[in-house]
Amino acid sequence: MNYWLVKSEPAKYSWDTFLKDKQTFWDGVRNYQARNNLMAMKKGDLVLFYHSVEEKEVIGMAEVIKEHYQDPTTKDTRWVAVDLKPVETLKSPVTLEMIKKDKRLQNIALIRQQRLSVMPLAAAEFNRILELRETE
């Protein structure tokens with residue numbers, strides 16, 4: 001199993017909207033590194049859902065339910081989408097500030113490559129972020 005983090009501006013697509021939809025396709029990625037990360041996602045992988053811009057916090061966990069396919073928002077075959085479904089709303093969101101303060105998370109892409117919208121996490125990083133929700 002692999003672990004990921006995806007970012008979305010709440011004004012464009014929020015966790016609450018995702019919960020109401022019960023599943024969604026993750027589309028609109030126009031960065032090659034993020035696209036390659038989408039292409040590496042496998043069914044059953046777990047994904048942390050991060051609200052970017054205003055809130056800057058991990059708000060929930062999702063699961064990949066369909067591996068990459070042609071992004072339905074474009075005819076350009078270079079771009080792909082995956083299907084996700086929500087698994088759990090975090091009882092306490094994990095803020096970017098909390099992540100930055102944690103020495104074990106200093107090398108994650110969320111800190112090093114702040115503009116990247118789809119990023120891999122090591123199992124230890126994924127689990128540490130989930131542990132942080134319980135410590136605050």
# chains A, B, ... in the order shown; residues from 1 in each chain; ligands from 1

$ closest_atom_pairs --of "stretch 44-124 of chain A" --to "stretch 6-27 of chain A" --cutoff "9 Å" --atoms "only C-alpha atoms" --output "tab-separated table"
residue	atom	partner	partner_atom	distance
A:Val47	CA	A:Val6	CA	6.9
A:Leu48	CA	A:Val6	CA	6.3
A:Phe49	CA	A:Val6	CA	5.3
A:Tyr50	CA	A:Lys7	CA	4.7
A:His51	CA	A:Ser8	CA	5.3
A:Ser52	CA	A:Glu9	CA	4.9
A:Val53	CA	A:Glu9	CA	6.0
A:Glu54	CA	A:Glu9	CA	7.7
A:Glu55	CA	A:Pro10	CA	8.1
A:Val58	CA	A:Lys7	CA	8.8
A:Ile59	CA	A:Trp15	CA	7.1
A:Gly60	CA	A:Trp15	CA	7.1
A:Ile65	CA	A:Gln23	CA	8.8
A:Lys66	CA	A:Phe25	CA	8.7
A:Asp71	CA	A:Asp27	CA	5.9
A:Pro72	CA	A:Asp27	CA	7.6
A:Thr73	CA	A:Asp27	CA	7.1
A:Trp79	CA	A:Asp27	CA	8.4
A:Val80	CA	A:Asp27	CA	6.9
A:Ala81	CA	A:Asp27	CA	4.7
A:Val82	CA	A:Trp26	CA	5.3
A:Asp83	CA	A:Phe25	CA	4.2
A:Leu84	CA	A:Thr24	CA	5.5
A:Lys85	CA	A:Gln23	CA	4.2
A:Pro86	CA	A:Leu19	CA	6.3
A:Thr89	CA	A:Trp15	CA	8.3
A:Leu116	CA	A:Lys7	CA	8.2
A:Ser117	CA	A:Lys7	CA	5.0
A:Val118	CA	A:Val6	CA	4.6
A:Met119	CA	A:Val6	CA	6.5
A:Pro120	CA	A:Val6	CA	8.9

$ select_by_dssp --residues "chain A" --states "strand (DSSP E)" --output "VMD selection string"
chain A and resid 3 to 8 24 to 26 46 to 51 57 to 70 80 to 95 118 to 121

$ write_last_selection --atoms "N, CA and C atoms" --output "compact mmCIF listing (two decimals), in the first residue's frame"
# COMPACT_ATOMS: atom_id res chain seq x y z
N TYR A 3 0.89 5.71 0.26
CA TYR A 3 0.22 6.78 0.97
C TYR A 3 0.46 8.09 0.24
N TRP A 4 -0.55 8.95 0.27
CA TRP A 4 -0.52 10.18 -0.51
C TRP A 4 -1.15 11.33 0.26
N LEU A 5 -0.91 12.54 -0.24
CA LEU A 5 -1.60 13.72 0.24
C LEU A 5 -2.04 14.50 -0.99
N VAL A 6 -3.31 14.89 -1.02
CA VAL A 6 -3.82 15.74 -2.10
C VAL A 6 -4.31 17.05 -1.49
N LYS A 7 -4.13 18.12 -2.25
CA LYS A 7 -4.50 19.44 -1.77
C LYS A 7 -5.65 19.99 -2.60
N SER A 8 -6.57 20.66 -1.90
CA SER A 8 -7.68 21.31 -2.58
C SER A 8 -8.02 22.60 -1.85
N THR A 24 -15.42 11.01 -5.69
CA THR A 24 -15.16 12.01 -6.73
C THR A 24 -14.01 11.54 -7.61
N PHE A 25 -13.89 12.16 -8.76
CA PHE A 25 -12.68 11.94 -9.55
C PHE A 25 -11.76 13.13 -9.29
N TRP A 26 -10.48 12.84 -9.08
CA TRP A 26 -9.48 13.87 -8.81
C TRP A 26 -8.89 14.28 -10.14
N LEU A 46 -4.18 4.87 0.56
CA LEU A 46 -4.81 5.87 1.42
C LEU A 46 -4.26 7.25 1.12
N VAL A 47 -5.15 8.24 1.23
CA VAL A 47 -4.85 9.61 0.81
C VAL A 47 -5.30 10.57 1.91
N LEU A 48 -4.42 11.46 2.33
CA LEU A 48 -4.81 12.54 3.23
C LEU A 48 -5.31 13.70 2.40
N PHE A 49 -6.42 14.29 2.82
CA PHE A 49 -7.07 15.40 2.12
C PHE A 49 -6.72 16.68 2.86
N TYR A 50 -6.05 17.59 2.16
CA TYR A 50 -5.52 18.82 2.75
C TYR A 50 -6.23 20.04 2.17
N HIS A 51 -6.79 20.87 3.05
CA HIS A 51 -7.37 22.14 2.62
C HIS A 51 -6.24 23.16 2.50
N GLU A 57 -4.69 22.79 6.41
CA GLU A 57 -4.77 21.69 7.37
C GLU A 57 -5.24 20.41 6.70
N VAL A 58 -4.75 19.29 7.25
CA VAL A 58 -5.24 17.98 6.83
C VAL A 58 -6.57 17.79 7.54
N ILE A 59 -7.60 17.54 6.76
CA ILE A 59 -8.96 17.51 7.29
C ILE A 59 -9.59 16.12 7.28
N GLY A 60 -9.08 15.24 6.39
CA GLY A 60 -9.69 13.92 6.28
C GLY A 60 -8.81 12.92 5.57
N MET A 61 -9.31 11.68 5.53
CA MET A 61 -8.61 10.59 4.86
C MET A 61 -9.54 9.99 3.81
N ALA A 62 -8.97 9.66 2.66
CA ALA A 62 -9.72 9.06 1.56
C ALA A 62 -8.99 7.80 1.08
N GLU A 63 -9.64 7.11 0.17
CA GLU A 63 -9.06 5.89 -0.41
C GLU A 63 -9.18 5.97 -1.93
N VAL A 64 -8.16 5.48 -2.62
CA VAL A 64 -8.21 5.38 -4.08
C VAL A 64 -9.12 4.20 -4.42
N ILE A 65 -10.17 4.47 -5.21
CA ILE A 65 -11.09 3.39 -5.59
C ILE A 65 -11.01 3.05 -7.08
N LYS A 66 -10.35 3.92 -7.86
CA LYS A 66 -10.11 3.62 -9.28
C LYS A 66 -8.80 4.25 -9.68
N GLU A 67 -7.94 3.45 -10.29
CA GLU A 67 -6.63 3.92 -10.72
C GLU A 67 -6.76 4.84 -11.93
N HIS A 68 -5.65 5.46 -12.31
CA HIS A 68 -5.66 6.54 -13.29
C HIS A 68 -6.32 6.17 -14.62
N TYR A 69 -6.95 7.19 -15.17
CA TYR A 69 -7.59 7.12 -16.48
C TYR A 69 -7.59 8.53 -17.07
N GLN A 70 -7.95 8.66 -18.32
CA GLN A 70 -7.96 9.95 -19.00
C GLN A 70 -8.78 10.97 -18.20
N VAL A 80 -4.36 12.85 -16.40
CA VAL A 80 -5.14 11.73 -15.86
C VAL A 80 -5.92 12.16 -14.62
N ALA A 81 -6.84 11.31 -14.22
CA ALA A 81 -7.60 11.47 -12.99
C ALA A 81 -7.63 10.13 -12.26
N VAL A 82 -7.95 10.14 -10.99
CA VAL A 82 -8.21 8.93 -10.22
C VAL A 82 -9.52 9.15 -9.47
N ASP A 83 -10.15 8.07 -9.04
CA ASP A 83 -11.36 8.17 -8.23
C ASP A 83 -11.02 7.94 -6.77
N LEU A 84 -11.59 8.80 -5.91
CA LEU A 84 -11.38 8.71 -4.47
C LEU A 84 -12.72 8.64 -3.76
N LYS A 85 -12.71 8.00 -2.59
CA LYS A 85 -13.89 8.05 -1.72
C LYS A 85 -13.43 8.41 -0.32
N PRO A 86 -14.24 9.17 0.42
CA PRO A 86 -13.86 9.53 1.78
C PRO A 86 -13.90 8.32 2.71
N VAL A 87 -12.96 8.28 3.64
CA VAL A 87 -12.89 7.20 4.62
C VAL A 87 -13.21 7.73 6.01
N GLU A 88 -12.61 8.87 6.36
CA GLU A 88 -12.74 9.37 7.72
C GLU A 88 -12.48 10.87 7.77
N THR A 89 -13.30 11.56 8.54
CA THR A 89 -13.03 12.96 8.86
C THR A 89 -12.17 12.97 10.12
N LEU A 90 -11.08 13.70 10.10
CA LEU A 90 -10.23 13.76 11.29
C LEU A 90 -10.96 14.53 12.39
N LYS A 91 -10.97 13.97 13.58
CA LYS A 91 -11.64 14.64 14.71
C LYS A 91 -10.99 15.99 14.99
N SER A 92 -9.68 16.04 14.87
CA SER A 92 -8.94 17.30 15.00
C SER A 92 -8.08 17.45 13.76
N PRO A 93 -8.32 18.49 12.97
CA PRO A 93 -7.47 18.70 11.79
C PRO A 93 -6.01 18.89 12.21
N VAL A 94 -5.11 18.51 11.31
CA VAL A 94 -3.67 18.68 11.54
C VAL A 94 -3.22 19.85 10.69
N THR A 95 -2.81 20.92 11.35
CA THR A 95 -2.46 22.15 10.64
C THR A 95 -1.06 22.07 10.05
N VAL A 118 -0.38 16.97 -5.52
CA VAL A 118 -0.52 15.53 -5.26
C VAL A 118 0.87 15.02 -4.92
N MET A 119 1.04 14.48 -3.70
CA MET A 119 2.38 14.10 -3.27
C MET A 119 2.38 12.78 -2.52
N PRO A 120 3.46 12.02 -2.65
CA PRO A 120 3.58 10.77 -1.89
C PRO A 120 4.00 11.05 -0.45
N LEU A 121 3.62 10.14 0.42
CA LEU A 121 4.08 10.15 1.81
C LEU A 121 4.61 8.77 2.14

$ residues_around --residues "A:Ala124" --least-positions-apart "6" --cutoff "12 Å" --atoms "only C-alpha atoms" --output "list in words"
Asn2, Tyr3, Trp4, Arg104, Leu105, Asn107, Ile108, Leu130 and Glu131 of chain A

$ select_by_dssp --residues "chain A" --states "alpha helix (DSSP H)" --output "ChimeraX atom specification"
/A:15-21,32-40,96-101,109-112,123-135

$ closest_residue --among "A:Asn37, A:Glu134, A:Phe126, A:Ile111" --to "A:Lys56" --atoms "only C-alpha atoms"
A:Ile111

$ closest_residue --among "A:Leu132, A:Thr77, A:Ala123, A:Arg112" --to "A:Met98" --atoms "only C-alpha atoms"
A:Leu132

$ atom_distance --atom1 "atom CA of A:Lys100" --atom2 "atom CA of A:Gln33"
22.4 Å

$ closest_residue --among "A:Met1, A:Gly28, A:Glu97, A:Gln106" --to "A:Met41" --atoms "only C-alpha atoms"
A:Met1

$ closest_residue --among "A:Arg115, A:Ile99, A:Ala109, A:Asn31" --to "A:Arg133" --atoms "only C-alpha atoms"
A:Ile99
